[in-house]
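Everything below belongs to input-v1.txt, which stores compact mmCIF, C-alpha atoms.
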# COMPACT_ATOMS: atom_id res chain seq x y z
CA MET A 172 92.14 -41.08 54.18
CA ALA A 173 93.46 -39.67 50.90
CA LYS A 174 91.00 -38.14 48.49
CA LYS A 175 90.31 -39.72 45.11
CA VAL A 176 92.32 -37.95 42.42
CA ALA A 177 92.22 -38.10 38.64
CA PHE A 178 93.77 -36.54 35.57
CA LEU A 179 90.82 -35.09 33.66
CA GLN A 180 89.77 -32.59 31.06
CA GLY A 181 87.75 -29.61 32.22
CA ASN A 182 84.71 -30.91 30.33
CA GLU A 183 84.98 -34.28 32.05
CA ALA A 184 85.36 -32.64 35.45
CA ALA A 185 82.25 -30.53 34.86
CA ALA A 186 80.23 -33.68 34.12
CA HIS A 187 81.46 -35.30 37.34
CA GLY A 188 80.55 -32.10 39.19
CA ALA A 189 77.02 -32.41 37.85
CA ILE A 190 76.76 -35.96 39.17
CA TYR A 191 78.07 -34.80 42.57
CA ALA A 192 75.40 -32.07 42.64
CA GLY A 193 72.68 -34.65 42.11
CA CYS A 194 71.97 -34.23 38.40
CA LYS A 195 69.64 -36.95 37.13
CA PHE A 196 68.95 -35.86 33.55
CA PHE A 197 71.05 -34.74 30.61
CA GLY A 198 69.52 -33.64 27.33
CA GLY A 199 71.93 -32.52 24.67
CA TYR A 200 73.26 -32.61 21.15
CA PRO A 201 76.97 -33.14 20.42
CA ILE A 202 78.98 -30.13 19.30
CA THR A 203 82.69 -29.32 19.44
CA PRO A 204 84.24 -28.46 21.89
CA SER A 205 81.67 -29.52 24.53
CA THR A 206 80.98 -33.10 23.48
CA GLU A 207 83.01 -34.71 26.28
CA VAL A 208 80.44 -33.43 28.79
CA ALA A 209 77.76 -35.48 27.04
CA GLU A 210 80.06 -38.49 26.69
CA VAL A 211 80.76 -38.64 30.42
CA MET A 212 77.12 -38.04 31.34
CA SER A 213 76.00 -40.86 29.02
CA ALA A 214 78.27 -43.23 30.94
CA GLU A 215 77.77 -41.94 34.48
CA LEU A 216 74.06 -41.08 34.69
CA PRO A 217 72.80 -44.68 34.42
CA LYS A 218 75.01 -45.58 37.40
CA VAL A 219 73.05 -43.17 39.63
CA GLY A 220 69.59 -43.88 38.25
CA GLY A 221 69.62 -40.93 35.86
CA LYS A 222 68.61 -40.56 32.24
CA PHE A 223 70.62 -39.43 29.21
CA ILE A 224 69.03 -38.45 25.94
CA GLN A 225 70.57 -37.14 22.73
CA MET A 226 67.94 -35.01 21.02
CA GLU A 227 67.52 -34.19 17.35
CA ASP A 228 69.03 -30.73 17.80
CA GLU A 229 69.89 -28.09 20.39
CA ILE A 230 66.37 -26.65 20.38
CA GLY A 231 64.95 -30.01 21.37
CA ALA A 232 67.74 -30.56 23.89
CA MET A 233 66.88 -27.36 25.76
CA ALA A 234 63.19 -28.23 25.66
CA ALA A 235 63.96 -31.67 27.07
CA VAL A 236 65.86 -30.35 30.08
CA ILE A 237 63.07 -27.87 30.88
CA GLY A 238 60.50 -30.65 30.80
CA ALA A 239 62.66 -32.95 32.91
CA SER A 240 63.30 -30.20 35.47
CA LEU A 241 59.56 -29.69 35.88
CA THR A 242 59.28 -33.31 37.01
CA GLY A 243 61.46 -32.41 39.99
CA VAL A 244 64.94 -33.55 38.95
CA LYS A 245 68.17 -31.61 38.47
CA VAL A 246 69.06 -31.18 34.81
CA LEU A 247 72.03 -30.34 32.60
CA THR A 248 72.72 -29.56 28.98
CA ALA A 249 76.02 -28.71 27.29
CA THR A 250 76.80 -26.90 24.08
CA SER A 251 79.09 -24.52 22.22
CA GLY A 252 78.86 -21.70 19.69
CA PRO A 253 75.96 -22.16 17.26
CA GLY A 254 74.36 -24.61 19.67
CA LEU A 255 74.02 -21.87 22.26
CA SER A 256 72.37 -19.65 19.66
CA LEU A 257 69.81 -22.37 18.93
CA LYS A 258 69.05 -22.86 22.62
CA GLN A 259 68.27 -19.19 23.22
CA GLU A 260 64.52 -19.25 22.60
CA ASN A 261 64.04 -22.04 25.12
CA ILE A 262 66.49 -20.43 27.55
CA GLY A 263 64.09 -17.48 27.52
CA TYR A 264 61.25 -19.90 28.19
CA ALA A 265 63.16 -21.29 31.19
CA CYS A 266 63.68 -17.71 32.42
CA ILE A 267 60.02 -16.66 32.33
CA THR A 268 58.74 -19.99 33.66
CA GLU A 269 61.48 -19.99 36.33
CA VAL A 270 62.63 -23.53 35.71
CA PRO A 271 66.00 -24.51 37.26
CA CYS A 272 68.55 -25.79 34.75
CA VAL A 273 72.31 -25.69 34.17
CA ILE A 274 73.84 -24.91 30.77
CA ILE A 275 77.52 -25.64 30.16
CA ASP A 276 78.75 -23.53 27.25
CA VAL A 277 82.31 -24.31 26.17
CA MET A 278 83.25 -21.16 24.30
CA ARG A 279 84.65 -21.42 20.76
CA GLY A 280 85.27 -18.98 17.94
CA GLY A 281 82.37 -17.35 16.15
CA PRO A 282 79.99 -15.99 15.01
CA SER A 283 78.22 -18.81 13.15
CA THR A 284 80.41 -21.87 12.62
CA GLY A 285 83.48 -19.72 13.20
CA MET A 286 86.40 -21.75 14.48
CA PRO A 287 84.99 -24.94 16.03
CA THR A 288 88.27 -26.09 17.57
CA GLY A 289 89.59 -22.64 18.51
CA PRO A 290 89.13 -20.98 21.92
CA SER A 291 87.05 -17.88 22.49
CA GLN A 292 85.54 -15.86 25.31
CA SER A 293 82.96 -14.07 23.20
CA ASP A 294 79.76 -15.69 24.50
CA ILE A 295 79.56 -13.53 27.61
CA MET A 296 77.07 -11.12 26.07
CA CYS A 297 75.11 -14.03 24.64
CA ALA A 298 74.68 -15.32 28.19
CA LYS A 299 73.34 -11.96 29.31
CA TRP A 300 71.37 -10.80 26.27
CA GLY A 301 71.13 -13.81 23.95
CA THR A 302 67.45 -14.38 24.53
CA HIS A 303 64.99 -11.51 24.23
CA GLY A 304 63.29 -9.58 27.00
CA ASP A 305 64.38 -8.61 30.49
CA HIS A 306 65.65 -11.42 32.66
CA ALA A 307 68.28 -12.17 35.30
CA THR A 308 71.48 -13.97 34.33
CA ILE A 309 74.01 -15.99 36.31
CA ALA A 310 77.23 -17.03 34.51
CA LEU A 311 80.26 -18.70 36.10
CA MET A 312 83.78 -18.66 34.58
CA PRO A 313 86.07 -21.55 35.59
CA ALA A 314 89.80 -21.18 35.02
CA SER A 315 90.96 -24.68 35.96
CA VAL A 316 89.81 -28.28 35.79
CA GLN A 317 89.15 -28.27 39.54
CA GLU A 318 86.96 -25.20 39.13
CA CYS A 319 85.03 -26.87 36.32
CA PHE A 320 83.95 -29.45 38.88
CA GLU A 321 83.31 -27.04 41.74
CA MET A 322 81.59 -24.33 39.71
CA THR A 323 79.25 -26.87 38.15
CA VAL A 324 78.18 -27.87 41.65
CA LYS A 325 77.68 -24.20 42.49
CA ALA A 326 75.69 -23.68 39.29
CA PHE A 327 73.24 -26.38 40.32
CA ASN A 328 72.92 -24.82 43.76
CA LEU A 329 72.16 -21.41 42.28
CA ALA A 330 69.71 -22.79 39.73
CA GLU A 331 67.80 -24.68 42.40
CA LYS A 332 67.88 -21.85 44.94
CA TYR A 333 66.75 -19.07 42.62
CA ARG A 334 64.75 -21.02 40.02
CA VAL A 335 66.81 -19.76 37.08
CA PRO A 336 68.94 -21.10 34.24
CA VAL A 337 72.63 -20.86 35.20
CA PHE A 338 75.58 -20.87 32.78
CA VAL A 339 78.98 -22.47 33.34
CA MET A 340 81.26 -21.02 30.65
CA PRO A 341 84.75 -22.47 30.31
CA ASP A 342 86.61 -21.39 27.20
CA GLU A 343 87.82 -24.20 24.93
CA ILE A 344 91.27 -24.18 26.55
CA VAL A 345 89.86 -24.80 30.01
CA GLY A 346 87.37 -27.34 28.64
CA HIS A 347 90.05 -29.41 26.96
CA MET A 348 93.11 -28.96 29.20
CA ARG A 349 94.01 -31.85 31.48
CA GLU A 350 94.95 -31.32 35.11
CA ARG A 351 94.99 -33.16 38.38
CA ILE A 352 91.68 -32.93 40.21
CA GLU A 353 90.76 -33.93 43.75
CA PHE A 354 87.23 -35.24 44.10
CA PRO A 355 85.51 -33.81 47.17
CA GLU A 356 83.95 -36.27 49.57
CA PRO A 357 80.15 -36.50 49.70
CA GLY A 358 78.95 -33.65 51.89
CA GLU A 359 82.19 -31.69 51.56
CA LEU A 360 80.66 -29.28 49.05
CA GLU A 361 77.24 -27.83 49.76
CA VAL A 362 74.45 -29.28 47.64
CA ILE A 363 71.15 -27.39 47.55
CA ASP A 364 67.78 -28.77 46.43
CA ARG A 365 64.86 -26.61 45.33
CA ALA A 366 62.30 -25.64 47.94
CA ALA A 367 59.21 -27.86 47.93
CA PRO A 368 55.68 -26.59 48.54
CA THR A 369 54.47 -26.43 52.13
CA VAL A 370 50.80 -26.04 51.23
CA PRO A 371 48.40 -28.79 50.12
CA PRO A 372 47.92 -29.32 46.37
CA GLU A 373 44.59 -27.49 46.23
CA GLN A 374 46.22 -24.33 47.62
CA TYR A 375 49.40 -24.43 45.54
CA LYS A 376 50.30 -21.68 43.09
CA PRO A 377 53.65 -21.95 41.27
CA TYR A 378 54.37 -18.21 41.39
CA ASP A 379 52.86 -17.31 44.74
CA THR A 380 54.89 -14.37 46.07
CA GLN A 381 53.62 -14.77 49.63
CA PHE A 382 56.57 -17.16 49.88
CA GLY A 383 59.04 -14.51 48.67
CA ASP A 384 60.70 -13.72 45.38
CA VAL A 385 61.47 -17.42 44.77
CA PRO A 386 58.27 -19.42 45.25
CA PRO A 387 58.51 -23.16 45.95
CA LEU A 388 58.35 -25.41 42.88
CA ALA A 389 56.24 -28.56 42.86
CA ALA A 390 56.99 -31.51 40.61
CA PHE A 391 54.90 -32.60 37.65
CA GLY A 392 53.71 -36.13 38.24
CA SER A 393 53.10 -35.52 41.93
CA ASP A 394 49.73 -34.59 43.42
CA TYR A 395 50.42 -30.96 42.51
CA ARG A 396 48.96 -29.76 39.22
CA PHE A 397 49.82 -26.36 37.78
CA HIS A 398 50.00 -24.42 34.55
CA VAL A 399 53.24 -23.46 32.76
CA THR A 400 53.32 -20.92 29.93
CA GLY A 401 55.80 -18.69 28.15
CA LEU A 402 53.30 -15.84 28.42
CA ASN A 403 53.37 -13.36 31.27
CA LYS A 404 51.46 -15.02 34.05
CA MET A 405 49.61 -14.66 37.31
CA ALA A 406 50.46 -16.43 40.56
CA ASP A 407 48.58 -19.53 39.37
CA GLY A 408 50.64 -19.71 36.17
CA PHE A 409 47.84 -18.76 33.80
CA PRO A 410 48.39 -15.91 31.30
CA THR A 411 47.63 -12.28 32.01
CA THR A 412 48.03 -8.95 30.23
CA LYS A 413 47.18 -6.87 33.29
CA ALA A 414 49.86 -4.19 33.34
CA SER A 415 50.44 -4.06 37.09
CA ILE A 416 50.86 -7.84 37.36
CA VAL A 417 53.18 -8.08 34.36
CA GLN A 418 55.35 -5.22 35.64
CA ALA A 419 55.61 -6.71 39.13
CA GLU A 420 56.36 -10.19 37.80
CA GLU A 421 59.15 -9.05 35.49
CA GLU A 422 60.71 -6.95 38.24
CA ARG A 423 60.53 -9.83 40.72
CA GLN A 424 62.27 -12.23 38.36
CA VAL A 425 65.21 -9.84 37.96
CA ARG A 426 65.19 -8.84 41.63
CA LYS A 427 65.53 -12.41 42.93
CA VAL A 428 69.05 -12.47 41.45
CA GLU A 429 70.04 -8.80 41.70
CA ALA A 430 69.00 -8.53 45.35
CA ASN A 431 71.18 -11.54 46.17
CA LYS A 432 74.14 -10.74 43.92
CA ASN A 433 76.54 -10.29 46.83
CA GLU A 434 75.89 -13.91 47.74
CA ILE A 435 76.16 -15.07 44.11
CA MET A 436 79.19 -13.12 42.87
CA GLU A 437 82.73 -14.43 43.26
CA TRP A 438 86.03 -12.94 42.23
CA GLU A 439 89.68 -13.20 43.21
CA GLU A 440 91.96 -10.26 43.91
CA PHE A 441 95.65 -11.01 43.48
CA MET A 442 98.05 -8.25 44.58
CA CYS A 443 95.39 -5.59 44.07
CA ASP A 444 95.84 -3.82 47.43
CA ASP A 445 98.67 -1.53 46.27
CA ALA A 446 98.37 -1.99 42.51
CA ASP A 447 98.81 0.89 40.09
CA VAL A 448 97.51 -1.21 37.20
CA ILE A 449 94.97 -4.02 37.49
CA VAL A 450 94.44 -6.74 34.90
CA VAL A 451 90.79 -7.86 34.72
CA ALA A 452 90.57 -11.36 33.26
CA PHE A 453 88.70 -14.66 33.42
CA GLY A 454 89.03 -18.24 32.25
CA SER A 455 92.31 -19.39 30.72
CA THR A 456 93.31 -15.78 30.04
CA SER A 457 93.47 -15.15 33.78
CA ARG A 458 96.24 -17.75 34.02
CA SER A 459 98.35 -15.80 31.54
CA ALA A 460 97.48 -12.64 33.44
CA ARG A 461 98.65 -14.06 36.77
CA PHE A 462 102.01 -14.99 35.25
CA ALA A 463 102.34 -11.51 33.76
CA VAL A 464 101.49 -9.85 37.07
CA ASN A 465 104.13 -11.90 38.87
CA GLU A 466 106.72 -10.96 36.25
CA ALA A 467 105.77 -7.29 36.53
CA ARG A 468 106.20 -7.41 40.30
CA LYS A 469 109.71 -8.85 39.82
CA GLU A 470 110.50 -5.72 37.81
CA GLY A 471 109.14 -3.44 40.52
CA ILE A 472 105.85 -2.65 38.74
CA LYS A 473 102.82 -2.65 41.03
CA ALA A 474 100.45 -4.81 39.01
CA GLY A 475 97.49 -6.82 40.22
CA LEU A 476 94.92 -9.30 38.90
CA PHE A 477 91.17 -9.08 39.34
CA ARG A 478 89.90 -12.51 38.28
CA LEU A 479 86.23 -12.78 37.44
CA LYS A 480 84.88 -16.10 38.69
CA THR A 481 81.33 -14.88 38.17
CA PHE A 482 80.78 -12.69 35.13
CA TRP A 483 77.04 -12.18 35.65
CA PRO A 484 76.10 -10.62 37.97
CA PHE A 485 79.11 -8.38 37.39
CA PRO A 486 81.04 -6.98 40.40
CA GLU A 487 80.52 -3.35 39.39
CA GLU A 488 80.77 -1.83 42.85
CA ARG A 489 84.13 -3.40 43.66
CA LEU A 490 85.69 -2.39 40.34
CA LEU A 491 84.33 1.14 40.78
CA GLU A 492 85.99 1.26 44.19
CA LEU A 493 89.31 0.04 42.78
CA SER A 494 89.10 2.48 39.87
CA LYS A 495 89.49 5.40 42.28
CA LYS A 496 93.05 4.40 43.17
CA VAL A 497 94.63 2.84 40.07
CA LYS A 498 96.28 4.33 36.99
CA ALA A 499 94.62 1.94 34.54
CA PHE A 500 92.88 -1.36 33.96
CA ILE A 501 93.86 -3.89 31.30
CA THR A 502 91.39 -6.42 29.88
CA PRO A 503 93.06 -9.28 27.99
CA GLU A 504 90.34 -11.35 26.38
CA MET A 505 89.55 -13.69 23.52
CA SER A 506 86.95 -11.32 22.08
CA LEU A 507 86.99 -7.89 20.50
CA GLY A 508 86.44 -6.00 23.74
CA MET A 509 83.30 -7.38 25.35
CA CYS A 510 84.78 -7.46 28.85
CA ASN A 511 86.50 -4.14 28.20
CA GLY A 512 83.17 -2.48 27.51
CA VAL A 513 81.59 -3.85 30.68
CA VAL A 514 84.50 -2.63 32.81
CA LYS A 515 84.35 0.82 31.21
CA GLY A 516 80.64 0.98 31.90
CA CYS A 517 81.00 0.46 35.63
CA ILE A 518 84.02 2.60 36.59
CA GLU A 519 82.55 5.96 35.53
CA GLY A 520 85.67 7.10 33.66
CA ASN A 521 87.88 7.06 36.77
CA ALA A 522 90.71 5.26 34.93
CA PRO A 523 91.53 4.26 31.35
CA VAL A 524 90.69 0.69 30.35
CA LEU A 525 93.17 -0.77 27.85
CA GLY A 526 92.39 -3.89 25.87
CA ILE A 527 94.20 -6.87 24.40
CA TYR A 528 91.90 -8.65 21.96
CA HIS A 529 92.27 -12.08 20.33
CA VAL A 530 89.71 -13.67 18.02
CA ASP A 531 92.25 -15.64 15.99
CA GLY A 532 92.02 -18.91 17.88
CA GLU A 533 95.21 -18.19 19.79
CA PRO A 534 95.35 -17.60 23.56
CA VAL A 535 96.48 -14.30 25.02
CA ASN A 536 100.03 -14.98 26.16
CA PRO A 537 101.70 -13.55 29.28
CA GLY A 538 104.22 -11.54 27.26
CA GLU A 539 101.47 -9.49 25.61
CA ILE A 540 99.94 -8.66 28.97
CA LEU A 541 103.31 -7.78 30.50
CA SER A 542 104.05 -5.44 27.58
CA LYS A 543 100.73 -3.67 28.07
CA ILE A 544 101.41 -3.34 31.81
CA LYS A 545 104.74 -1.70 30.99
CA GLU A 546 102.98 0.71 28.62
CA VAL A 547 100.88 1.96 31.53
CA LYS A 548 103.96 2.42 33.71
Take the structure I supplied and represent it as structure tokens, if you would.
Amino acid sequence: MAKKVAFLQGNEAAAHGAIYAGCKFFGGYPITPSTEVAEVMSAELPKVGGKFIQMEDEIGAMAAVIGASLTGVKVLTATSGPGLSLKQENIGYACITEVPCVIIDVMRGGPSTGMPTGPSQSDIMCAKWGTHGDHATIALMPASVQECFEMTVKAFNLAEKYRVPVFVMPDEIVGHMRERIEFPEPGELEVIDRAAPTVPPEQYKPYDTQFGDVPPLAAFGSDYRFHVTGLNKMADGFPTTKASIVQAEEERQVRKVEANKNEIMEWEEFMCDDADVIVVAFGSTSRSARFAVNEARKEGIKAGLFRLKTFWPFPEERLLELSKKVKAFITPEMSLGMCNGVVKGCIEGNAPVLGIYHVDGEPVNPGEILSKIKEVK
């Protein structure tokens, strides 16, 4: 039997991916260029018994999804640019309280209001360091409409499995482009639900590490009662300033992602085996890069593409390994060198890292990348 197909925007596909993953709550505030996510969720959630709420602002929207997640349901919010900045305080709250949630951030020009309708890829550091304090970060980078669907499903799985906020970060081009998408059948893609407590309510502690680095999470409104606070906490959720407990808790919250990064990280290597120069790219820019690599190969230049599907955690070890056998890396990006700096930081100076930077609202075109590849040759 043929699969259901549609011609959708990336934003629309991401919303359908959320429904597939079992999302039952959306709290958001409309902002260009992410608003289509909210529009689709407002129409689709009632059909599956879910709830949609438009809050008074992005701060309230992030608070709403945290509260809804604590009742035991899967939650989503979507935003762009200044909206992401406003969500950051409550994203930090979700980190320290270990509340699963998915944040779709459709990247636009900035800082501040910037270029609301122009594409950007300059939120990657905001995903990692936007909120204060030490915390783990997971950020996924779709490059197609199909991936907007599939990576949103994966984001829910990771959020539920590791009790963390997870970002899905299409740039505006990916969010608004239209492509053919095949809808997977129910059960075709893995769908993970958070682990439930196995102890009776009177024995439950929300941060009990005897169950590992990711303790089970009970639902508010059930027979389980527990305390949630943005302060550093003990196993029972109540605040503490005891140094040894605070240190261990902070380290555990980072470790639960870092220790499993090989399971979380995804990337694609295209013609990298014998490459002299490797283009490191993500999102819509990786599509230009693939075209440029193919053109370079036609001219006898050994070029390859390393496409980041997961930006955080970053695949440092693999790039370090590749850096020992290439002449140079090239990072085309719609920012002023954010990806370039990360690549430089992990390859220990083994190869030069050349950049192509756009913050003018225009995509990086294949010709620019091909020219830079030829410079290396």
Could you name the residues that touch A:His398 at 8 Å or less, counting all atoms listed in the file, but leaving out those on the same chain fewer than 4 positions away, as a PyMOL selection string? chain A and resi 407-409
Contacts of stretch 218-229 of chain A at 12 Å or less, counting all atoms listed in the file, minus same-chain residues fewer than 4 places along, as a PyMOL selection string? chain A and resi 187+189-202+206+208-214+233-236+239+244-262+274
Please dump the current selection as a PDB file, in the frame of the given file; keep C-alpha atoms.
ATOM      1  CA  HIS A 187      81.460 -35.300  37.340  1.00  0.00           C
ATOM      2  CA  ALA A 189      77.020 -32.410  37.850  1.00  0.00           C
ATOM      3  CA  ILE A 190      76.760 -35.960  39.170  1.00  0.00           C
ATOM      4  CA  TYR A 191      78.070 -34.800  42.570  1.00  0.00           C
ATOM      5  CA  ALA A 192      75.400 -32.070  42.640  1.00  0.00           C
ATOM      6  CA  GLY A 193      72.680 -34.650  42.110  1.00  0.00           C
ATOM      7  CA  CYS A 194      71.970 -34.230  38.400  1.00  0.00           C
ATOM      8  CA  LYS A 195      69.640 -36.950  37.130  1.00  0.00           C
ATOM      9  CA  PHE A 196      68.950 -35.860  33.550  1.00  0.00           C
ATOM     10  CA  PHE A 197      71.050 -34.740  30.610  1.00  0.00           C
ATOM     11  CA  GLY A 198      69.520 -33.640  27.330  1.00  0.00           C
ATOM     12  CA  GLY A 199      71.930 -32.520  24.670  1.00  0.00           C
ATOM     13  CA  TYR A 200      73.260 -32.610  21.150  1.00  0.00           C
ATOM     14  CA  PRO A 201      76.970 -33.140  20.420  1.00  0.00           C
ATOM     15  CA  ILE A 202      78.980 -30.130  19.300  1.00  0.00           C
ATOM     16  CA  THR A 206      80.980 -33.100  23.480  1.00  0.00           C
ATOM     17  CA  VAL A 208      80.440 -33.430  28.790  1.00  0.00           C
ATOM     18  CA  ALA A 209      77.760 -35.480  27.040  1.00  0.00           C
ATOM     19  CA  GLU A 210      80.060 -38.490  26.690  1.00  0.00           C
ATOM     20  CA  VAL A 211      80.760 -38.640  30.420  1.00  0.00           C
ATOM     21  CA  MET A 212      77.120 -38.040  31.340  1.00  0.00           C
ATOM     22  CA  SER A 213      76.000 -40.860  29.020  1.00  0.00           C
ATOM     23  CA  ALA A 214      78.270 -43.230  30.940  1.00  0.00           C
ATOM     24  CA  MET A 233      66.880 -27.360  25.760  1.00  0.00           C
ATOM     25  CA  ALA A 234      63.190 -28.230  25.660  1.00  0.00           C
ATOM     26  CA  ALA A 235      63.960 -31.670  27.070  1.00  0.00           C
ATOM     27  CA  VAL A 236      65.860 -30.350  30.080  1.00  0.00           C
ATOM     28  CA  ALA A 239      62.660 -32.950  32.910  1.00  0.00           C
ATOM     29  CA  VAL A 244      64.940 -33.550  38.950  1.00  0.00           C
ATOM     30  CA  LYS A 245      68.170 -31.610  38.470  1.00  0.00           C
ATOM     31  CA  VAL A 246      69.060 -31.180  34.810  1.00  0.00           C
ATOM     32  CA  LEU A 247      72.030 -30.340  32.600  1.00  0.00           C
ATOM     33  CA  THR A 248      72.720 -29.560  28.980  1.00  0.00           C
ATOM     34  CA  ALA A 249      76.020 -28.710  27.290  1.00  0.00           C
ATOM     35  CA  THR A 250      76.800 -26.900  24.080  1.00  0.00           C
ATOM     36  CA  SER A 251      79.090 -24.520  22.220  1.00  0.00           C
ATOM     37  CA  GLY A 252      78.860 -21.700  19.690  1.00  0.00           C
ATOM     38  CA  PRO A 253      75.960 -22.160  17.260  1.00  0.00           C
ATOM     39  CA  GLY A 254      74.360 -24.610  19.670  1.00  0.00           C
ATOM     40  CA  LEU A 255      74.020 -21.870  22.260  1.00  0.00           C
ATOM     41  CA  SER A 256      72.370 -19.650  19.660  1.00  0.00           C
ATOM     42  CA  LEU A 257      69.810 -22.370  18.930  1.00  0.00           C
ATOM     43  CA  LYS A 258      69.050 -22.860  22.620  1.00  0.00           C
ATOM     44  CA  GLN A 259      68.270 -19.190  23.220  1.00  0.00           C
ATOM     45  CA  GLU A 260      64.520 -19.250  22.600  1.00  0.00           C
ATOM     46  CA  ASN A 261      64.040 -22.040  25.120  1.00  0.00           C
ATOM     47  CA  ILE A 262      66.490 -20.430  27.550  1.00  0.00           C
ATOM     48  CA  ILE A 274      73.840 -24.910  30.770  1.00  0.00           C
TER      49      ILE A 274
END
From the set A:Thr242, A:Ile501, A:Arg468, A:Gln180, which residue has the shortest atom-to-atom contact distance to A:Asp394, counting all atoms listed in the file? A:Thr242
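The gap separating atom CA of A:Gly231 from atom CA of A:Glu343 is 23.9 Å, in Å to one decimal.
Nearest residue to A:Val399 among A:Glu546, A:Lys376, A:Asp305, A:Tyr333 is A:Lys376, counting all atoms listed in the file.
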Excluding A:Asn511 and its own-chain neighbours fewer than 4 positions away, which residues fall within 12 Å of it when counting all atoms listed in the file? Please give them as an mmCIF file with C-alpha atoms, in the frame of the given file.
data_model
loop_
_atom_site.group_PDB
_atom_site.id
_atom_site.type_symbol
_atom_site.label_atom_id
_atom_site.label_comp_id
_atom_site.auth_asym_id
_atom_site.auth_seq_id
_atom_site.Cartn_x
_atom_site.Cartn_y
_atom_site.Cartn_z
ATOM 1 C CA SER A 293 82.960 -14.070 23.200
ATOM 2 C CA ILE A 295 79.560 -13.530 27.610
ATOM 3 C CA MET A 296 77.070 -11.120 26.070
ATOM 4 C CA VAL A 450 94.440 -6.740 34.900
ATOM 5 C CA VAL A 451 90.790 -7.860 34.720
ATOM 6 C CA ALA A 452 90.570 -11.360 33.260
ATOM 7 C CA PHE A 453 88.700 -14.660 33.420
ATOM 8 C CA ALA A 499 94.620 1.940 34.540
ATOM 9 C CA PHE A 500 92.880 -1.360 33.960
ATOM 10 C CA ILE A 501 93.860 -3.890 31.300
ATOM 11 C CA THR A 502 91.390 -6.420 29.880
ATOM 12 C CA PRO A 503 93.060 -9.280 27.990
ATOM 13 C CA GLU A 504 90.340 -11.350 26.380
ATOM 14 C CA MET A 505 89.550 -13.690 23.520
ATOM 15 C CA SER A 506 86.950 -11.320 22.080
ATOM 16 C CA LEU A 507 86.990 -7.890 20.500
ATOM 17 C CA LYS A 515 84.350 0.820 31.210
ATOM 18 C CA GLY A 516 80.640 0.980 31.900
ATOM 19 C CA CYS A 517 81.000 0.460 35.630
ATOM 20 C CA ILE A 518 84.020 2.600 36.590
ATOM 21 C CA PRO A 523 91.530 4.260 31.350
ATOM 22 C CA VAL A 524 90.690 0.690 30.350
ATOM 23 C CA LEU A 525 93.170 -0.770 27.850
ATOM 24 C CA GLY A 526 92.390 -3.890 25.870
ATOM 25 C CA ILE A 527 94.200 -6.870 24.400
ATOM 26 C CA TYR A 528 91.900 -8.650 21.960
#
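The list of residues with at least one atom within 9 Å of A:Pro486, based on only C-alpha atoms and without residues fewer than 4 positions apart in the same chain, reads A:Lys432, A:Asn433, A:Met436, A:Glu437, A:Trp438, A:Leu479, A:Thr481, A:Phe482, A:Leu490, A:Leu491, A:Cys517.
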What's around A:Gly280 at 6 Å? Count all atoms listed in the file, leave out sequence neighbours fewer than 4 positions away in its own chain, and write the answer as JSON, numbers by chain. {"A": [285, 286, 289, 290, 291]}
As a check of understanding: the span from atom CA of A:Glu350 to atom CA of A:Met322 is 15.8 Å
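Counting from atom CA of A:Ala460, the distance to atom CA of A:Leu541 is 8.1 Å.
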